[in-house]
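Here is the structure we will look at, set down as structure tokens.
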Amino acid sequence: MASRVRAPLSLVAAPAPREASDTELALALRAGEPWAVTEVWHRYAAMVLRMAERALGSRSDAEDLAQEVFYRVCARASSLRDPNSLRSFVYSVAIRLLKTALRYRRLRRWLSFHAPETLIDLSECKVDVEGRDLLRRFYVLLDRLSARDRLVFLCRRVESMTVEEIATAMELSESTVKRSLLHSSQQLSRWVKADAALAELAFVHVGRQP
Amino acid sequence: MSDDEPGESPALSRVTELLRDFPNAPTPSELDRGLSKVRTRLSAHREAPSAARKWASLGAVAVLCLILAAIATSWLRLRGPVAQKPIALSRMQGGQLLQGGYLAESGTLGMQLFFDEGSQLALTPGARGRLRLDGTAGARLLLERGSVSLQITPTPEPHWSVESGPFLVTVKGTDFTVGWDPTSELFELTLRRGRVVVSGPVVGDDFVVHPGQKLRVSLPKAETVIVEDRAASVAPPTVSSAGPAADAATVPTPTDENKVSANGGNASPPAAASSSRQRQWRGALASGEWDRIISEAEAGGIETTLEAATSEDLFALADAARYRRRLDMARAALLAQRRRFPSSPRAAEAIFLLGRVSELRPGGRAQALQYYDEYLGRAPGGTYAAEALGRKMTLVNESGSGARSIAEEYLRRFPHGSYAGAARTLLSVEE
């Protein structure tokens, strides 16, 4: 009679949420573990919220977007092929939704008879009044960029993501990301330079930071 | 940044640096609230039966198809050769339409014209004009004398327009009265609803009139006057009951203008000539045209501008002057804001900004402190409350007085504010 080989059976305790690695967290999300939703939120929500607020210029819009991001991350965790890349997965969902939100804004502007004023809500931000003026003016310039160029610029220059990370998250080739970055940087530099008032305000503001 | 990446201007670098730091970290309560919403949505998602989701998807596809069909139909109707229904006169009271479209009055009560698509015209007694109905191209009223009230039903095509003396009024679907006196060469238009564009001498091309505004152009004086007439936007005049006196009232005297302004509550008194055009300085401010705002204010006379400009324009002028470091002008605009519109939210903001301006003036710190106190008393939860308290703390500390209590108050009220670091430093130094 052929001998049967039995795999050794052992009881492994689930890792404490705060000690779980990203891989363990991703696997727990896939398995529908309740603690994983809380943990993924606490681990990445602040990052997504701040990135969204910087990209959209509005805290309330950023909150809505972050909730949508985590809803999708948790609901579609089964589509995460590589459990080691949970962070990239969250980033890519966030960036895709940001792109949609920015495109929707542009479409709404295009469809509207009267171009709506850019609704930048900086009432909760911690910069001083001159800084807010400066940011409002800069968001007007950002609105002139396409959603893709704007996101590439913000991811690289503000979020300090690498070109490779941006390419993965936005599903673009690296050369496209570089081209987009070059284009957005040149455009913004030109617009800022042409807007002597903004440039002056930037100079004045940096000299007056508390 | 790697070497093969594009450089950027120093100003752009500064702004991106500021952008990087600007959002506050989310508070624990914000995070808890967000997590709770995500959980709620997830549980709803799990509990929803899959059949319902399928039906919802099918429904969404059906709605999408309907939307696409509607868009395609609209596009075909707009672009295609489908003929628009021409404007046609359905009935007329008080007169008749003669050869060449001449409107002949048969009584003394004026004329009223009703059109198929719902538009109505009412000419005051004694008014004379011609009506040209040009098929699908639209309808054009040539007003030779007197005034006419129009209630135009908005349609994509055809268009309505009114020629009144040398002026052309392009109608966008609206409710307004237009008058022309060929003797005194006085043109007047009161818009109650919608939007019209006026072209002609003095006003130039494409002068947009907004609801509640009365435009008066005097050719002999080369003068344009815009009066904010909020009453006009509420109660359209009933032309049918108007007698000769009403006709005379369509050409306002200076006394009439004063009455209109008084009725308008916050409305500004009319400014003369080109400076009286609606300035729309908020838009100019957003576009960085600060010098333009300042030069327009100077061209119209600073005193006149400060007395005539709207609250929004005054605020825009103050901002432009602040950015350009024209502190006296900024201060004057803010003081005018506070004096002329004392109960508006802008008045409170003006008090705070007066503090900022005072800080930049030599020896103005004591006055700045007074303004910050006044602002904090008036708007303790206002937009600039954290900023005002932070500036107050800084000024008091720099003057050598104890700012400890202010720093404590700041940290208690605004633990994540822009002056929180300074407040903590101040408290640790004092300890």
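In the structure tokens, each chain is lettered A, B, ... as it comes, each chain's residues begin at 1, and ligands are numbered from 1 in order of appearance.
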For this session: Quick one: everything within 8 Å of Ser92 of chain A, counting only C-alpha atoms, minus sequence neighbours fewer than 2 positions away in the same chain. Send it as a PyMOL selection string.
Result: chain A and resi 88-90+94-96+168-170
Those residues you just picked out, can you put them in a file as a CSV table (one decimal), in the first residue's frame with all heavy atoms?
chain,number,residue,atom,x,y,z
A,88,SER,N,1.0,50.3,-4.4
A,88,SER,CA,0.9,50.7,-5.8
A,88,SER,C,-0.6,50.6,-6.2
A,88,SER,O,-1.0,51.5,-7.0
A,88,SER,CB,1.8,49.9,-6.7
A,88,SER,OG,3.1,49.9,-6.3
A,89,PHE,N,-1.2,49.6,-5.7
A,89,PHE,CA,-2.6,49.4,-6.1
A,89,PHE,C,-3.5,50.6,-5.6
A,89,PHE,O,-4.3,51.1,-6.3
A,89,PHE,CB,-3.1,48.1,-5.5
A,89,PHE,CG,-4.5,47.7,-5.8
A,89,PHE,CD1,-4.9,47.6,-7.2
A,89,PHE,CD2,-5.5,47.5,-4.8
A,89,PHE,CE1,-6.2,47.2,-7.5
A,89,PHE,CE2,-6.8,47.1,-5.2
A,89,PHE,CZ,-7.2,47.0,-6.5
A,90,VAL,N,-3.3,51.0,-4.3
A,90,VAL,CA,-4.0,52.1,-3.8
A,90,VAL,C,-3.7,53.4,-4.6
A,90,VAL,O,-4.6,54.1,-4.9
A,90,VAL,CB,-3.6,52.3,-2.3
A,90,VAL,CG1,-4.3,53.5,-1.7
A,90,VAL,CG2,-4.1,51.1,-1.5
A,94,ALA,N,-6.3,55.6,-6.8
A,94,ALA,CA,-6.5,57.0,-6.4
A,94,ALA,C,-6.2,57.9,-7.7
A,94,ALA,O,-7.0,58.8,-8.0
A,94,ALA,CB,-5.5,57.4,-5.3
A,95,ILE,N,-5.1,57.6,-8.4
A,95,ILE,CA,-4.8,58.4,-9.5
A,95,ILE,C,-5.8,58.3,-10.6
A,95,ILE,O,-6.2,59.3,-11.3
A,95,ILE,CB,-3.4,58.1,-10.0
A,95,ILE,CG1,-2.4,58.6,-9.0
A,95,ILE,CG2,-3.1,58.7,-11.4
A,95,ILE,CD1,-0.9,58.2,-9.2
A,96,ARG,N,-6.3,57.1,-10.8
A,96,ARG,CA,-7.3,56.9,-11.9
A,96,ARG,C,-8.6,57.7,-11.5
A,96,ARG,O,-9.2,58.4,-12.4
A,96,ARG,CB,-7.7,55.4,-12.0
A,96,ARG,CG,-8.0,55.0,-13.4
A,96,ARG,CD,-8.1,53.5,-13.5
A,96,ARG,NE,-6.9,52.8,-13.0
A,96,ARG,CZ,-7.0,51.6,-12.4
A,96,ARG,NH1,-8.1,51.1,-12.1
A,96,ARG,NH2,-5.9,51.1,-12.0
A,168,THR,N,3.5,53.3,-13.9
A,168,THR,CA,2.7,52.2,-13.5
A,168,THR,C,1.3,52.6,-13.0
A,168,THR,O,0.3,52.0,-13.4
A,168,THR,CB,3.4,51.4,-12.3
A,168,THR,OG1,4.7,51.2,-12.7
A,168,THR,CG2,2.7,50.1,-12.0
A,169,ALA,N,1.3,53.6,-12.2
A,169,ALA,CA,0.0,54.0,-11.6
A,169,ALA,C,-1.0,54.6,-12.7
A,169,ALA,O,-2.2,54.4,-12.6
A,169,ALA,CB,0.2,55.1,-10.5
A,170,MET,N,-0.4,55.3,-13.7
A,170,MET,CA,-1.3,55.9,-14.7
A,170,MET,C,-1.4,55.0,-15.9
A,170,MET,O,-2.0,55.5,-16.9
A,170,MET,CB,-0.7,57.3,-15.0
A,170,MET,CG,-0.8,58.2,-13.9
A,170,MET,SD,-0.3,59.9,-14.3
A,170,MET,CE,-1.7,60.4,-15.3
Restrict the calculation to only C-alpha atoms, then for each residue of chain B with any atom at most 9 Å from an atom of chain A give the closest atom pair and their distance in Å to one decimal, rows by chain and rising residue number, as CSV.
residue,atom,partner,partner_atom,distance
B:Met1,CA,A:Arg157,CA,8.7
B:Asp4,CA,A:Lys178,CA,9.0
B:Glu5,CA,A:Leu182,CA,7.1
B:Pro6,CA,A:Leu182,CA,5.5
B:Gly7,CA,A:Ser185,CA,7.4
B:Glu8,CA,A:Ser189,CA,5.8
B:Ser9,CA,A:Ser189,CA,5.4
B:Pro10,CA,A:Ser189,CA,8.7
B:Ala11,CA,A:Ala199,CA,5.4
B:Leu12,CA,A:Ser189,CA,6.0
B:Ser13,CA,A:Arg157,CA,8.8
B:Arg14,CA,A:Ala202,CA,6.4
B:Val15,CA,A:Ala202,CA,6.4
B:Thr16,CA,A:Val158,CA,6.3
B:Glu17,CA,A:Val158,CA,7.4
B:Leu18,CA,A:Gly131,CA,7.7
B:Leu19,CA,A:Arg54,CA,6.7
B:Arg20,CA,A:Val158,CA,5.3
B:Asp21,CA,A:Val127,CA,8.5
B:Phe22,CA,A:Cys125,CA,6.0
B:Pro23,CA,A:Cys125,CA,5.5
B:Asn24,CA,A:Cys125,CA,6.0
B:Ala25,CA,A:Ala46,CA,6.8
B:Pro26,CA,A:Ala46,CA,6.2
B:Glu30,CA,A:Glu63,CA,8.6
B:Leu31,CA,A:Ala45,CA,7.5
B:Gly34,CA,A:Gln67,CA,6.2
B:Leu35,CA,A:Trp41,CA,6.7
B:Lys37,CA,A:Gln67,CA,7.1
B:Val38,CA,A:Tyr71,CA,5.6
B:Arg39,CA,A:Val37,CA,7.8
B:Arg41,CA,A:Tyr71,CA,7.0
B:Leu42,CA,A:Tyr71,CA,6.4
B:His45,CA,A:Ala75,CA,8.0
B:Arg46,CA,A:Ala75,CA,8.7
B:Gly283,CA,A:Glu117,CA,8.5
B:Ala286,CA,A:Arg137,CA,6.6
B:Ser287,CA,A:Arg137,CA,8.0
B:Gly288,CA,A:Ala197,CA,6.3
B:Glu289,CA,A:Ala197,CA,8.3
B:Trp290,CA,A:Ala197,CA,7.6
B:Tyr323,CA,A:Leu201,CA,7.2
B:Arg324,CA,A:Ala197,CA,8.1
B:Thr383,CA,A:Ser123,CA,6.3
B:Tyr384,CA,A:Val129,CA,8.0
B:Glu387,CA,A:Asp128,CA,6.6
B:His416,CA,A:Lys126,CA,7.2
B:Gly417,CA,A:Lys126,CA,5.2
B:Ser418,CA,A:Lys126,CA,4.5
B:Tyr419,CA,A:Pro210,CA,7.3
B:Ala422,CA,A:Pro210,CA,7.7
Emit the selected residues as a compact mmCIF listing (two decimals), in the first residue's frame, including N, CA and C atoms.
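Full text of out.txt as output:
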# COMPACT_ATOMS: atom_id res chain seq x y z
N MET B 1 15.53 65.04 -8.35
CA MET B 1 15.18 65.09 -9.76
C MET B 1 16.39 64.67 -10.60
N ASP B 4 17.92 64.18 -16.61
CA ASP B 4 17.19 64.27 -17.88
C ASP B 4 15.79 64.84 -17.70
N GLU B 5 15.50 65.33 -16.53
CA GLU B 5 14.18 65.92 -16.33
C GLU B 5 14.23 67.42 -16.52
N PRO B 6 13.09 67.98 -16.94
CA PRO B 6 13.10 69.41 -17.24
C PRO B 6 13.26 70.26 -16.00
N GLY B 7 13.92 71.38 -16.16
CA GLY B 7 14.03 72.32 -15.06
C GLY B 7 12.77 73.16 -15.01
N GLU B 8 12.62 73.93 -13.96
CA GLU B 8 11.46 74.81 -13.89
C GLU B 8 11.90 76.13 -13.30
N SER B 9 11.09 77.17 -13.51
CA SER B 9 11.48 78.49 -13.06
C SER B 9 11.51 78.53 -11.54
N PRO B 10 12.32 79.45 -10.97
CA PRO B 10 12.39 79.53 -9.50
C PRO B 10 11.02 79.81 -8.89
N ALA B 11 10.23 80.65 -9.56
CA ALA B 11 8.91 80.97 -9.01
C ALA B 11 8.03 79.72 -8.98
N LEU B 12 8.12 78.92 -10.04
CA LEU B 12 7.32 77.68 -10.07
C LEU B 12 7.77 76.73 -8.97
N SER B 13 9.08 76.68 -8.75
CA SER B 13 9.58 75.82 -7.67
C SER B 13 9.03 76.26 -6.33
N ARG B 14 8.96 77.58 -6.14
CA ARG B 14 8.46 78.09 -4.85
C ARG B 14 6.99 77.71 -4.65
N VAL B 15 6.23 77.85 -5.74
CA VAL B 15 4.80 77.55 -5.61
C VAL B 15 4.58 76.06 -5.35
N THR B 16 5.35 75.22 -6.05
CA THR B 16 5.16 73.77 -5.83
C THR B 16 5.59 73.39 -4.42
N GLU B 17 6.59 74.09 -3.92
CA GLU B 17 7.02 73.85 -2.54
C GLU B 17 5.89 74.18 -1.56
N LEU B 18 5.23 75.29 -1.84
CA LEU B 18 4.11 75.70 -0.99
C LEU B 18 2.97 74.69 -1.10
N LEU B 19 2.73 74.24 -2.33
CA LEU B 19 1.65 73.28 -2.57
C LEU B 19 1.91 71.97 -1.84
N ARG B 20 3.18 71.59 -1.79
CA ARG B 20 3.55 70.34 -1.14
C ARG B 20 3.18 70.37 0.35
N ASP B 21 3.28 71.57 0.93
CA ASP B 21 3.09 71.65 2.38
C ASP B 21 1.68 72.03 2.80
N PHE B 22 0.83 72.42 1.82
CA PHE B 22 -0.36 73.13 2.26
C PHE B 22 -1.44 72.32 2.99
N PRO B 23 -1.77 71.08 2.60
CA PRO B 23 -2.93 70.50 3.30
C PRO B 23 -2.58 70.10 4.73
N ASN B 24 -3.54 70.32 5.60
CA ASN B 24 -3.38 69.85 6.97
C ASN B 24 -3.52 68.33 6.98
N ALA B 25 -2.85 67.70 7.91
CA ALA B 25 -3.06 66.26 8.06
C ALA B 25 -4.49 66.03 8.53
N PRO B 26 -5.13 64.95 8.07
CA PRO B 26 -6.51 64.71 8.51
C PRO B 26 -6.56 64.45 10.01
N GLU B 30 -11.89 63.09 11.37
CA GLU B 30 -12.12 63.03 9.92
C GLU B 30 -11.87 61.61 9.42
N LEU B 31 -10.80 61.01 9.93
CA LEU B 31 -10.48 59.64 9.50
C LEU B 31 -11.57 58.66 9.93
N GLY B 34 -14.60 59.08 7.72
CA GLY B 34 -14.38 58.51 6.39
C GLY B 34 -14.45 57.00 6.41
N LEU B 35 -13.82 56.40 7.42
CA LEU B 35 -13.81 54.94 7.52
C LEU B 35 -15.23 54.41 7.70
N LYS B 37 -17.94 55.72 6.59
CA LYS B 37 -18.66 55.79 5.32
C LYS B 37 -18.23 54.66 4.38
N VAL B 38 -16.92 54.38 4.37
CA VAL B 38 -16.44 53.30 3.51
C VAL B 38 -17.05 51.98 3.95
N ARG B 39 -17.09 51.76 5.25
CA ARG B 39 -17.66 50.51 5.78
C ARG B 39 -19.13 50.37 5.39
N ARG B 41 -20.65 51.68 2.85
CA ARG B 41 -20.79 51.37 1.43
C ARG B 41 -20.42 49.93 1.14
N LEU B 42 -19.39 49.45 1.82
CA LEU B 42 -18.97 48.07 1.58
C LEU B 42 -20.03 47.08 2.02
N HIS B 45 -22.71 47.04 -0.44
CA HIS B 45 -22.25 46.35 -1.65
C HIS B 45 -22.35 44.84 -1.48
N ARG B 46 -21.98 44.36 -0.28
CA ARG B 46 -21.99 42.91 -0.06
C ARG B 46 -23.41 42.36 0.07
N GLY B 283 -12.93 89.00 -11.86
CA GLY B 283 -12.38 88.20 -12.96
C GLY B 283 -11.00 88.69 -13.34
N ALA B 286 -8.53 87.55 -10.83
CA ALA B 286 -8.17 86.14 -10.99
C ALA B 286 -7.22 85.94 -12.17
N SER B 287 -7.30 86.84 -13.16
CA SER B 287 -6.41 86.72 -14.31
C SER B 287 -5.09 87.44 -14.09
N GLY B 288 -4.92 88.02 -12.93
CA GLY B 288 -3.66 88.69 -12.63
C GLY B 288 -3.54 90.09 -13.22
N GLU B 289 -4.68 90.64 -13.63
CA GLU B 289 -4.61 91.98 -14.24
C GLU B 289 -4.71 93.03 -13.14
N TRP B 290 -3.77 93.03 -12.24
CA TRP B 290 -3.82 93.94 -11.08
C TRP B 290 -3.60 95.39 -11.52
N TYR B 323 -1.55 93.55 -3.50
CA TYR B 323 -0.53 92.78 -4.21
C TYR B 323 0.53 93.70 -4.82
N ARG B 324 0.09 94.88 -5.20
CA ARG B 324 1.03 95.83 -5.81
C ARG B 324 1.67 96.74 -4.77
N THR B 383 -13.32 83.24 8.51
CA THR B 383 -12.31 82.64 7.64
C THR B 383 -10.89 82.95 8.10
N TYR B 384 -10.72 84.17 8.60
CA TYR B 384 -9.36 84.60 8.94
C TYR B 384 -9.11 84.59 10.45
N GLU B 387 -5.74 83.19 11.39
CA GLU B 387 -4.70 84.09 10.90
C GLU B 387 -4.63 85.34 11.79
N HIS B 416 -3.80 72.84 14.58
CA HIS B 416 -3.09 72.55 13.33
C HIS B 416 -2.90 73.80 12.48
N GLY B 417 -3.09 74.97 13.05
CA GLY B 417 -3.01 76.22 12.29
C GLY B 417 -1.59 76.54 11.87
N SER B 418 -1.46 77.54 10.99
CA SER B 418 -0.14 77.86 10.46
C SER B 418 0.77 78.48 11.52
N TYR B 419 0.19 78.97 12.62
CA TYR B 419 1.01 79.56 13.67
C TYR B 419 1.18 78.61 14.86
N ALA B 422 4.82 78.22 15.80
CA ALA B 422 5.32 79.43 16.46
C ALA B 422 4.78 79.52 17.88
For this session: Identify all residues of segment 92-231 of chain B in strand (DSSP E or B) (DSSP on the backbone) and supply them as number ranges by chain.
Result: B: 92-93, 95-97, 102-105, 111-115, 120-123, 128-133, 138-151, 159-164, 167-171, 175-181, 186-193, 196-200, 204-209, 213-218, 223-228
Problem set entry | Neighbour list for segment 81-85 of chain A as JSON, numbers by chain, cut-off 10 Å, only C-alpha atoms, skip fewer than 3 positions in-chain | {"A": [21, 22, 23, 24, 25, 26, 27, 28, 29, 30, 77, 78, 88, 89, 90, 91]}
For this session: List every residue of segment 87-185 of chain A that DSSP, applied to the backbone of this structure, assigns to helix (DSSP H, G or I), and report them as a ChimeraX atom specification.
Result: /A:87-111,129-143,147-158,163-170,174-185
Problem set entry | Atomic separation - atom CA of Val217 of chain B relative to atom CA of Ala333 of chain B, Å | 28.5 Å
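Considering only C-alpha atoms, the residue among B:Pro86, B:Thr183, B:Val396, B:Leu143 positioned nearest to Thr155 of chain B is B:Pro86.
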